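Raw contents of coords_39.tsv, TSV, C-alpha atoms (C1' of nucleotides):
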```tsv
chain	number	residue	atom	x	y	z
U	1	MET	CA	15.90	13.30	-5.92
U	2	PRO	CA	12.16	13.26	-6.15
U	3	GLU	CA	10.55	10.90	-3.67
U	4	LEU	CA	7.02	10.87	-2.29
U	5	PRO	CA	7.00	14.40	-0.78
U	6	GLU	CA	8.49	15.96	-3.89
U	7	ALA	CA	6.08	14.10	-6.18
U	8	GLU	CA	3.17	15.15	-3.94
U	9	THR	CA	4.24	18.80	-4.11
U	10	ILE	CA	4.56	18.67	-7.88
U	11	ALA	CA	1.22	16.89	-8.28
U	12	ARG	CA	-0.58	19.49	-6.15
U	13	GLY	CA	1.02	22.29	-8.16
U	14	LEU	CA	0.04	20.65	-11.43
U	15	HIS	CA	-3.53	20.11	-10.25
U	16	ALA	CA	-3.87	23.78	-9.36
U	17	ALA	CA	-2.31	24.81	-12.67
U	18	ILE	CA	-3.91	22.53	-15.27
U	19	ALA	CA	-6.99	20.70	-13.92
U	20	GLY	CA	-9.89	21.41	-16.25
U	21	GLN	CA	-7.67	22.50	-19.12
U	22	ARG	CA	-7.47	20.94	-22.55
U	23	VAL	CA	-4.29	19.78	-24.30
U	24	GLN	CA	-3.98	21.76	-27.53
U	25	ARG	CA	-0.53	20.78	-28.78
U	26	VAL	CA	2.11	18.23	-27.83
U	27	ARG	CA	5.78	18.14	-28.79
U	28	VAL	CA	8.10	15.29	-27.91
U	29	HIS	CA	11.66	16.62	-28.07
U	30	ARG	CA	13.41	13.44	-26.97
U	31	GLU	CA	11.89	10.18	-28.08
U	32	GLU	CA	13.22	8.02	-25.26
U	33	VAL	CA	11.08	9.86	-22.70
U	34	VAL	CA	7.92	8.13	-23.99
U	35	GLU	CA	9.45	4.68	-24.63
U	36	PRO	CA	8.05	2.13	-25.22
U	37	MET	CA	5.36	4.41	-26.71
U	38	THR	CA	6.16	6.16	-29.97
U	39	PRO	CA	6.05	9.96	-30.03
U	40	ALA	CA	3.17	9.78	-32.55
U	41	ALA	CA	1.10	7.50	-30.30
U	42	PHE	CA	1.83	9.70	-27.30
U	43	ARG	CA	0.73	12.85	-29.16
U	44	ARG	CA	-2.42	11.12	-30.40
U	45	ALA	CA	-3.35	9.92	-26.91
U	46	LEU	CA	-2.97	13.35	-25.34
U	47	THR	CA	-3.97	15.92	-27.95
U	48	GLY	CA	-7.51	17.22	-27.46
U	49	ARG	CA	-7.94	15.57	-24.06
U	50	ARG	CA	-9.14	17.49	-21.03
U	51	VAL	CA	-7.19	17.01	-17.79
U	52	GLN	CA	-9.67	16.21	-15.02
U	53	SER	CA	-7.31	16.02	-12.06
U	54	VAL	CA	-3.69	15.46	-11.11
U	55	SER	CA	-2.58	13.33	-8.18
U	56	ARG	CA	0.25	11.08	-7.04
U	57	ARG	CA	0.83	7.34	-6.66
U	58	ALA	CA	4.14	6.37	-5.02
U	59	LYS	CA	6.66	8.60	-6.85
U	60	TRP	CA	4.50	8.82	-9.99
U	61	ILE	CA	2.53	11.88	-11.09
U	62	VAL	CA	-0.88	10.76	-12.38
U	63	ALA	CA	-3.23	12.92	-14.46
U	64	SER	CA	-6.73	11.61	-15.19
U	65	LEU	CA	-7.97	12.42	-18.69
U	66	ASP	CA	-11.55	12.87	-19.90
U	67	ASP	CA	-11.47	9.64	-21.93
U	68	GLY	CA	-10.59	7.47	-18.94
U	69	ALA	CA	-6.87	7.24	-19.74
U	70	ARG	CA	-4.09	8.22	-17.34
U	71	TRP	CA	-1.18	10.42	-18.30
U	72	VAL	CA	1.61	9.35	-15.93
U	73	THR	CA	5.10	10.69	-15.25
U	74	GLN	CA	7.97	9.05	-13.46
U	75	LEU	CA	10.45	11.77	-12.48
U	76	ARG	CA	13.30	9.42	-11.56
U	77	MET	CA	16.39	11.45	-10.70
U	78	THR	CA	16.18	14.80	-12.42
U	79	GLY	CA	12.73	15.03	-14.01
U	80	ARG	CA	11.20	18.46	-13.56
U	81	PHE	CA	8.04	20.27	-14.72
U	82	THR	CA	7.71	23.98	-15.38
U	83	TRP	CA	4.49	25.92	-15.95
U	84	ASN	CA	4.58	29.20	-17.84
U	85	PRO	CA	2.27	31.55	-19.74
U	86	PRO	CA	1.36	30.50	-23.30
U	87	SER	CA	4.10	30.88	-25.90
U	88	ALA	CA	5.46	29.17	-28.98
U	89	LEU	CA	6.86	25.67	-28.35
U	90	ARG	CA	10.62	25.68	-28.76
U	91	THR	CA	13.53	23.34	-28.15
U	92	GLU	CA	15.88	23.82	-25.23
U	93	PRO	CA	18.69	21.85	-23.60
U	94	HIS	CA	17.32	18.94	-21.52
U	95	LEU	CA	13.75	19.63	-22.65
U	96	SER	CA	11.92	16.34	-23.26
U	97	ILE	CA	8.26	17.29	-23.74
U	98	SER	CA	6.26	20.50	-24.26
U	99	LEU	CA	2.47	20.77	-23.91
U	100	LEU	CA	0.32	23.74	-24.80
U	101	LEU	CA	-2.80	23.79	-22.64
U	102	ASP	CA	-5.87	25.97	-22.89
U	103	GLY	CA	-8.63	26.65	-20.40
U	104	THR	CA	-10.87	29.31	-18.94
U	105	GLN	CA	-7.97	30.67	-16.86
U	106	GLY	CA	-5.87	31.33	-19.93
U	107	GLY	CA	-3.83	28.18	-20.27
U	108	GLY	CA	-0.07	27.93	-20.56
U	109	VAL	CA	2.93	25.83	-21.52
U	110	LEU	CA	3.87	22.82	-19.45
U	111	ARG	CA	7.43	21.60	-20.00
U	112	PHE	CA	9.13	18.43	-18.80
U	113	TYR	CA	12.92	18.65	-18.44
U	114	ASP	CA	15.15	15.74	-17.54
U	115	ILE	CA	18.92	16.23	-17.42
U	116	ARG	CA	19.78	12.58	-16.87
U	117	ARG	CA	17.05	11.19	-19.10
U	118	PHE	CA	15.88	8.46	-16.71
U	119	GLY	CA	12.35	9.85	-16.47
U	120	ARG	CA	9.38	8.42	-18.38
U	121	VAL	CA	6.06	9.91	-19.49
U	122	TRP	CA	3.26	7.67	-20.78
U	123	VAL	CA	-0.44	7.63	-21.50
U	124	LEU	CA	-2.00	4.42	-20.15
U	125	ASP	CA	-5.44	2.94	-20.77
U	126	PRO	CA	-7.35	1.66	-17.71
U	127	ALA	CA	-5.79	-1.81	-17.96
U	128	GLY	CA	-2.28	-0.36	-18.28
U	129	TRP	CA	-2.86	1.86	-15.29
U	130	SER	CA	-4.19	-1.04	-13.20
U	131	ALA	CA	-1.10	-3.08	-14.02
U	132	LEU	CA	1.20	-0.23	-12.95
U	133	ASP	CA	-0.79	0.45	-9.79
U	134	ALA	CA	-0.81	-3.23	-8.88
U	135	ARG	CA	2.95	-3.59	-8.90
U	136	LEU	CA	3.40	-0.69	-6.49
U	137	GLY	CA	3.24	-1.32	-2.75
U	138	ILE	CA	1.21	0.33	-0.03
U	139	GLU	CA	0.94	4.12	0.28
U	140	PRO	CA	2.70	4.98	3.55
U	141	LEU	CA	0.46	7.99	4.23
U	142	SER	CA	-2.75	6.02	3.71
U	143	ARG	CA	-5.04	4.66	6.42
U	144	GLU	CA	-4.26	1.14	5.19
U	145	PHE	CA	-0.60	1.52	6.19
U	146	SER	CA	-0.88	0.16	9.72
U	147	ARG	CA	1.70	-1.23	12.11
U	148	ARG	CA	0.34	-4.64	11.27
U	149	SER	CA	0.74	-4.16	7.52
U	150	LEU	CA	4.29	-2.89	7.99
U	151	ALA	CA	5.07	-5.93	10.14
U	152	GLY	CA	3.81	-8.15	7.32
U	153	LEU	CA	6.05	-6.40	4.82
U	154	LEU	CA	9.17	-6.81	6.97
U	155	ASP	CA	8.46	-10.38	8.00
U	156	GLY	CA	10.71	-12.98	6.42
U	157	SER	CA	13.05	-10.45	4.83
U	158	ARG	CA	16.73	-11.04	5.42
U	159	ALA	CA	17.71	-7.76	3.72
U	160	PRO	CA	18.95	-4.72	5.66
U	161	LEU	CA	16.14	-2.47	6.84
U	162	ARG	CA	17.21	0.51	4.70
U	163	ASN	CA	17.11	-1.65	1.56
U	164	VAL	CA	13.65	-2.98	2.34
U	165	LEU	CA	12.35	0.55	2.80
U	166	LEU	CA	13.56	1.35	-0.73
U	167	ASP	CA	11.62	-1.56	-2.25
U	168	GLN	CA	8.67	0.05	-4.08
U	169	LYS	CA	6.77	-3.24	-4.13
U	170	ARG	CA	6.47	-3.08	-0.34
U	171	VAL	CA	6.20	0.50	0.88
U	172	ALA	CA	5.86	2.79	-2.14
U	173	GLY	CA	7.35	6.28	-2.20
U	174	LEU	CA	10.40	6.20	0.03
U	175	GLY	CA	13.76	6.92	-1.65
U	176	ASN	CA	17.20	7.09	-0.15
U	177	VAL	CA	16.69	10.41	1.63
U	178	TYR	CA	13.52	9.50	3.54
U	179	ALA	CA	14.45	5.83	4.08
U	180	ASN	CA	17.57	6.94	5.95
U	181	GLU	CA	15.73	9.69	7.81
U	182	ALA	CA	13.00	7.25	8.89
U	183	CYS	CA	15.62	4.85	10.30
U	184	TYR	CA	17.15	7.71	12.27
U	185	LEU	CA	13.83	8.87	13.64
U	186	ALA	CA	13.02	5.31	14.69
U	187	GLN	CA	16.53	5.00	16.22
U	188	LEU	CA	17.11	1.84	14.21
U	189	ASP	CA	20.39	0.82	12.60
U	190	PRO	CA	19.79	0.72	8.82
U	191	ARG	CA	21.84	-2.51	8.61
U	192	ARG	CA	19.45	-4.43	10.86
U	193	LEU	CA	17.77	-7.32	9.06
U	194	ALA	CA	14.14	-6.41	8.49
U	195	GLN	CA	12.83	-9.70	9.90
U	196	ASP	CA	14.67	-9.17	13.21
U	197	LEU	CA	12.68	-6.12	14.34
U	198	ASP	CA	10.52	-6.69	17.39
U	199	GLU	CA	7.02	-5.35	17.94
U	200	SER	CA	8.03	-2.07	19.58
U	201	GLU	CA	10.72	-1.41	16.96
U	202	ILE	CA	8.17	-1.89	14.18
U	203	GLU	CA	5.87	0.51	15.97
U	204	ARG	CA	8.67	3.10	16.13
U	205	LEU	CA	9.48	2.60	12.45
U	206	HIS	CA	5.83	2.89	11.44
U	207	ARG	CA	5.47	6.16	13.31
U	208	ALA	CA	8.82	7.43	11.95
U	209	ILE	CA	7.87	6.80	8.32
U	210	LYS	CA	4.58	8.67	8.72
U	211	THR	CA	6.19	11.53	10.63
U	212	VAL	CA	9.08	12.11	8.26
U	213	LEU	CA	6.88	11.97	5.15
U	214	ARG	CA	4.17	14.19	6.62
U	215	SER	CA	6.61	16.89	7.64
U	216	ALA	CA	8.47	16.69	4.33
U	217	VAL	CA	5.18	17.13	2.43
U	218	GLU	CA	4.38	20.08	4.67
U	219	ARG	CA	7.81	21.55	3.86
U	220	ARG	CA	7.24	20.99	0.12
U	221	GLY	CA	10.05	18.45	-0.23
U	222	THR	CA	13.84	18.42	-0.04
U	223	SER	CA	15.79	20.58	-2.51
U	224	PHE	CA	19.11	18.85	-2.02
U	225	SER	CA	20.22	19.24	-5.62
U	226	ASP	CA	17.91	19.35	-8.64
U	227	TYR	CA	14.41	19.24	-7.22
U	228	ARG	CA	12.14	22.26	-7.74
U	229	ASP	CA	8.35	22.59	-7.80
U	230	ILE	CA	6.54	23.54	-11.02
U	231	LEU	CA	7.02	27.26	-10.41
U	232	GLY	CA	10.73	26.87	-9.66
U	233	GLY	CA	10.35	27.04	-5.89
U	234	GLU	CA	12.62	25.07	-3.56
U	235	GLY	CA	11.45	22.79	-0.79
U	236	GLU	CA	12.57	23.37	2.78
U	237	PHE	CA	13.07	19.91	4.25
U	238	GLN	CA	16.84	19.97	3.49
U	239	ASN	CA	17.10	22.12	6.63
U	240	ASP	CA	15.48	19.34	8.66
U	241	LEU	CA	17.65	16.43	7.51
U	242	GLU	CA	19.21	14.65	10.48
U	243	VAL	CA	21.49	12.14	8.72
U	244	TYR	CA	21.21	12.27	4.92
U	245	GLY	CA	24.27	14.03	3.47
U	246	ARG	CA	25.62	14.78	6.95
U	247	SER	CA	28.45	12.23	7.29
U	248	GLY	CA	31.05	13.47	9.78
U	249	GLU	CA	28.74	16.13	11.16
U	250	PRO	CA	27.43	15.91	14.73
U	251	CYS	CA	24.23	14.06	15.51
U	252	ARG	CA	21.71	16.56	16.87
U	253	ARG	CA	20.56	14.03	19.43
U	254	CYS	CA	23.80	12.66	20.91
U	255	GLY	CA	26.57	14.79	19.39
U	256	GLY	CA	28.38	11.81	17.84
U	257	ALA	CA	29.56	11.85	14.23
U	258	ILE	CA	27.10	10.75	11.54
U	259	ALA	CA	28.46	7.74	9.62
U	260	ARG	CA	28.20	6.91	5.93
U	261	ILE	CA	28.34	3.32	4.69
U	262	VAL	CA	27.27	1.61	1.48
U	263	LEU	CA	24.33	-0.81	1.41
U	264	ALA	CA	23.26	-2.42	-1.86
U	265	GLY	CA	25.41	0.09	-3.73
U	266	ARG	CA	23.76	3.14	-2.14
U	267	SER	CA	24.94	5.43	0.63
U	268	ALA	CA	23.36	4.83	3.99
U	269	PHE	CA	23.69	7.53	6.65
U	270	PHE	CA	23.13	6.92	10.35
U	271	CYS	CA	24.23	7.81	13.85
U	272	PRO	CA	26.15	4.90	15.39
U	273	GLY	CA	25.54	6.44	18.82
U	274	CYS	CA	21.77	6.34	18.82
U	275	GLN	CA	20.63	3.92	16.12
U	276	HIS	CA	20.67	0.26	17.16
R	1	DC	C1'	11.54	-16.47	-4.60
R	2	DC	C1'	14.92	-13.48	-2.49
R	3	DC	C1'	18.51	-10.40	-2.57
R	4	DC	C1'	22.41	-8.23	-4.69
R	5	DT	C1'	24.93	-5.99	-8.53
R	6	DC	C1'	25.05	-3.49	-12.54
R	7	DA	C1'	23.55	-0.39	-16.31
R	8	DC	C1'	21.39	3.56	-17.60
R	9	DC	C1'	22.54	8.94	-17.76
R	10	DT	C1'	24.76	13.79	-16.99
R	11	DG	C1'	26.84	17.29	-14.21
R	12	DA	C1'	29.53	18.54	-10.21
R	13	DT	C1'	33.58	17.84	-7.81
R	14	DC	C1'	38.18	16.28	-6.74
R	15	DG	C1'	43.01	14.90	-7.33
R	16	DC	C1'	46.98	15.17	-10.11
E	1	DT	C1'	44.35	24.69	-16.99
E	2	DG	C1'	42.72	20.45	-18.18
E	3	DC	C1'	41.47	15.88	-17.82
E	4	DG	C1'	40.05	11.53	-16.07
E	5	DA	C1'	37.89	9.22	-12.18
E	6	DT	C1'	34.27	9.20	-9.00
E	7	DC	C1'	29.83	9.99	-7.17
E	8	DA	C1'	24.83	11.07	-6.98
E	9	DG	C1'	20.26	7.41	-6.97
E	10	DG	C1'	15.28	5.33	-9.07
E	11	DT	C1'	14.47	1.39	-11.29
E	12	DG	C1'	14.55	-2.88	-14.06
E	13	DA	C1'	17.28	-6.69	-15.90
E	14	DG	C1'	20.06	-10.40	-14.83
E	15	DG	C1'	22.55	-13.60	-11.87
E	16	DG	C1'	23.77	-16.37	-7.76
```
Go ahead and render the structure in this file as structure tokens.
Amino acid sequence: MPELPEAETIARGLHAAIAGQRVQRVRVHREEVVEPMTPAAFRRALTGRRVQSVSRRAKWIVASLDDGARWVTQLRMTGRFTWNPPSALRTEPHLSISLLLDGTQGGGVLRFYDIRRFGRVWVLDPAGWSALDARLGIEPLSREFSRRSLAGLLDGSRAPLRNVLLDQKRVAGLGNVYANEACYLAQLDPRRLAQDLDESEIERLHRAIKTVLRSAVERRGTSFSDYRDILGGEGEFQNDLEVYGRSGEPCRRCGGAIARIVLAGRSAFFCPGCQH
DNA sequence: CCCCTCACCTGATCGC
DNA sequence: TGCGATCAGGTGAGGG
């Protein structure tokens, strides 16, 4: 389940692998991955372009191209990149896109796989990129993400805290794993209405979001099921999970059993003993 | 506007 | 053994 730390790890790996290289060939194996673009338009926009840099915005991978366009990828549930030495482009199960890149370091083949086919890959002009960027909320690891800004995002919301943390228009980049982990770290019940948090609870939540995301980035993400980096490596944060996927297991703080409930159709995990 | 539910997908797992 | 039901969750559309 790629969230911010997984996207960050992939973006860093891609930057190291392909920054400065030129796109020689593009194959779109499954048309829906570029919708609403057509495969022909996607190939045209990417072929011959030099990749200047690769970074991350929320859960999106963003590559800047030498003509000012952005090549963006939304991994959704099972999207995955692989980077391998140059070879002929071939079809494979679950393979959505293949790119042949060439550069001074020899180039290679970048492949995008997506078992569940939710992922999307587009090339956006500056206006298209601005529109996408504008509908995403604040970056939780940025300087701008202050206690005050978090308070503003929670204010007036009658939704459960866990649901608000999943809303990409407010804080961008948290998914179900890190939203639940942040609530645990802040010792806040995920069912609490966002608008009911007091000043000190917001301060705890703010610190918890930063802490959990920073350590997950440091650990190269959570390989709970499908997630791998571009060289096939697993993250390590699954060993640090306190509540996600641990229903019935003992809380490492109080020893009580971790509970699982459903909020807005998604599992929420928490410790009834120490989250209030 | 706000919040919730559902659909989109496939593979893993579970019960019979 | 096989088969159907269920579950996993990021996101956008639609509805109350």
Residues of chain E no more than 10 Å from chain U, counting all atoms listed in the file: send them over as a PyMOL selection string. chain E and resi 8-11
Could you list, with a cut-off of 7 Å and counting all atoms listed in the file, the residues of chain U near chain R, each shown with its nearest atom pair and the distance in Å rounded to one decimal, rows sorted by chain and ascending number, as CSV?
```
residue,atom,partner,partner_atom,distance
U:Ile115,CA,R:DT10,C1',6.3
U:Arg116,CA,R:DC9,C1',4.7
U:Arg117,CA,R:DC9,C1',6.1
U:Phe118,CA,R:DC9,C1',6.8
U:Ala159,CA,R:DC3,C1',6.9
U:Ala264,CA,R:DC4,C1',6.5
```
Quick one: pull the distance between CA of Tyr227 (chain U) and CA of Phe81 (chain U), Å, one decimal.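 Value for the CA of Tyr227 (chain U)-CA of Phe81 (chain U) distance: 9.9 Å.
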So for region 3-6 of chain R, what box centre and size do we get, axis-aligned, 8 Å extra on each of the six sides, every listed atom, Å to one decimal, as lines of an AutoDock Vina configuration file?
```
center_x = 21.8
center_y = -6.9
center_z = -7.6
size_x = 22.5
size_y = 22.9
size_z = 26.0
```
Leaving out Glu249 (chain U) and any residue of its chain fewer than 4 positions from it, which residues lie within 9 Å of it when counting only C-alpha atoms (C1' of nucleotides), given as a ChimeraX atom specification? /U:243,255-259
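One finds CA of Trp60 (chain U) at 18.7 Å from CA of Ala45 (chain U).
Relative to CA of Gln275 (chain U), CA of Arg192 (chain U) is found at 9.9 Å.
Close contacts of Ile261 (chain U), defined as residues with an atom at most 10 Å away when counting only C-alpha atoms (C1' of nucleotides), with chain neighbours fewer than 6 positions off set aside, comprise U:Pro190, U:Arg191, U:Ser247, U:Ser267, U:Ala268, U:Phe269, U:Phe270.
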Restricting it to C-alpha atoms, dump the selection as a compact mmCIF listing (two decimals), in the frame of the given file.
```txt
# COMPACT_ATOMS: atom_id res chain seq x y z
CA PRO U 190 19.79 0.72 8.82
CA ARG U 191 21.84 -2.51 8.61
CA SER U 247 28.45 12.23 7.29
CA SER U 267 24.94 5.43 0.63
CA ALA U 268 23.36 4.83 3.99
CA PHE U 269 23.69 7.53 6.65
CA PHE U 270 23.13 6.92 10.35
```
What's the 8 Å shell around Gly68 (chain U), counting all atoms listed in the file, without same-chain residues fewer than 4 positions away, as a PyMOL selection string? chain U and resi 64+125-126
Can you pull out every residue within 6 Å of region 87-103 of chain U, counting all atoms listed in the file, but drop anything in the same chain fewer than 5 positions away, and send it as a list in words?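 Counting only the stated atoms, we get Gln21, Arg22, Val23, Gln24, Arg25, Val26, Arg27, Val28, His29, Arg30, Gly108, Val109, Leu110, Arg111, Phe112, Tyr113, Asp114 and Ile115 of chain U.
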Env of Arg207 (chain U): 10 Å cut, atoms = only C-alpha atoms (C1' of nucleotides), seq-sep filter 3 positions within chain, self excluded. Answer as a PyMOL selection string. chain U and resi 146-147+182+185-186+201-204+210-212
Go ahead and save the residues from that selection, with C-alpha atoms, as a PDB file, in the coordinates of the input.
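That gives us out22.pdb:
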```pdb
ATOM      1  CA  SER U 146      -0.880   0.160   9.720  1.00  0.00           C
ATOM      2  CA  ARG U 147       1.700  -1.230  12.110  1.00  0.00           C
ATOM      3  CA  ALA U 182      13.000   7.250   8.890  1.00  0.00           C
ATOM      4  CA  LEU U 185      13.830   8.870  13.640  1.00  0.00           C
ATOM      5  CA  ALA U 186      13.020   5.310  14.690  1.00  0.00           C
ATOM      6  CA  GLU U 201      10.720  -1.410  16.960  1.00  0.00           C
ATOM      7  CA  ILE U 202       8.170  -1.890  14.180  1.00  0.00           C
ATOM      8  CA  GLU U 203       5.870   0.510  15.970  1.00  0.00           C
ATOM      9  CA  ARG U 204       8.670   3.100  16.130  1.00  0.00           C
ATOM     10  CA  LYS U 210       4.580   8.670   8.720  1.00  0.00           C
ATOM     11  CA  THR U 211       6.190  11.530  10.630  1.00  0.00           C
ATOM     12  CA  VAL U 212       9.080  12.110   8.260  1.00  0.00           C
TER      13      VAL U 212
END
```
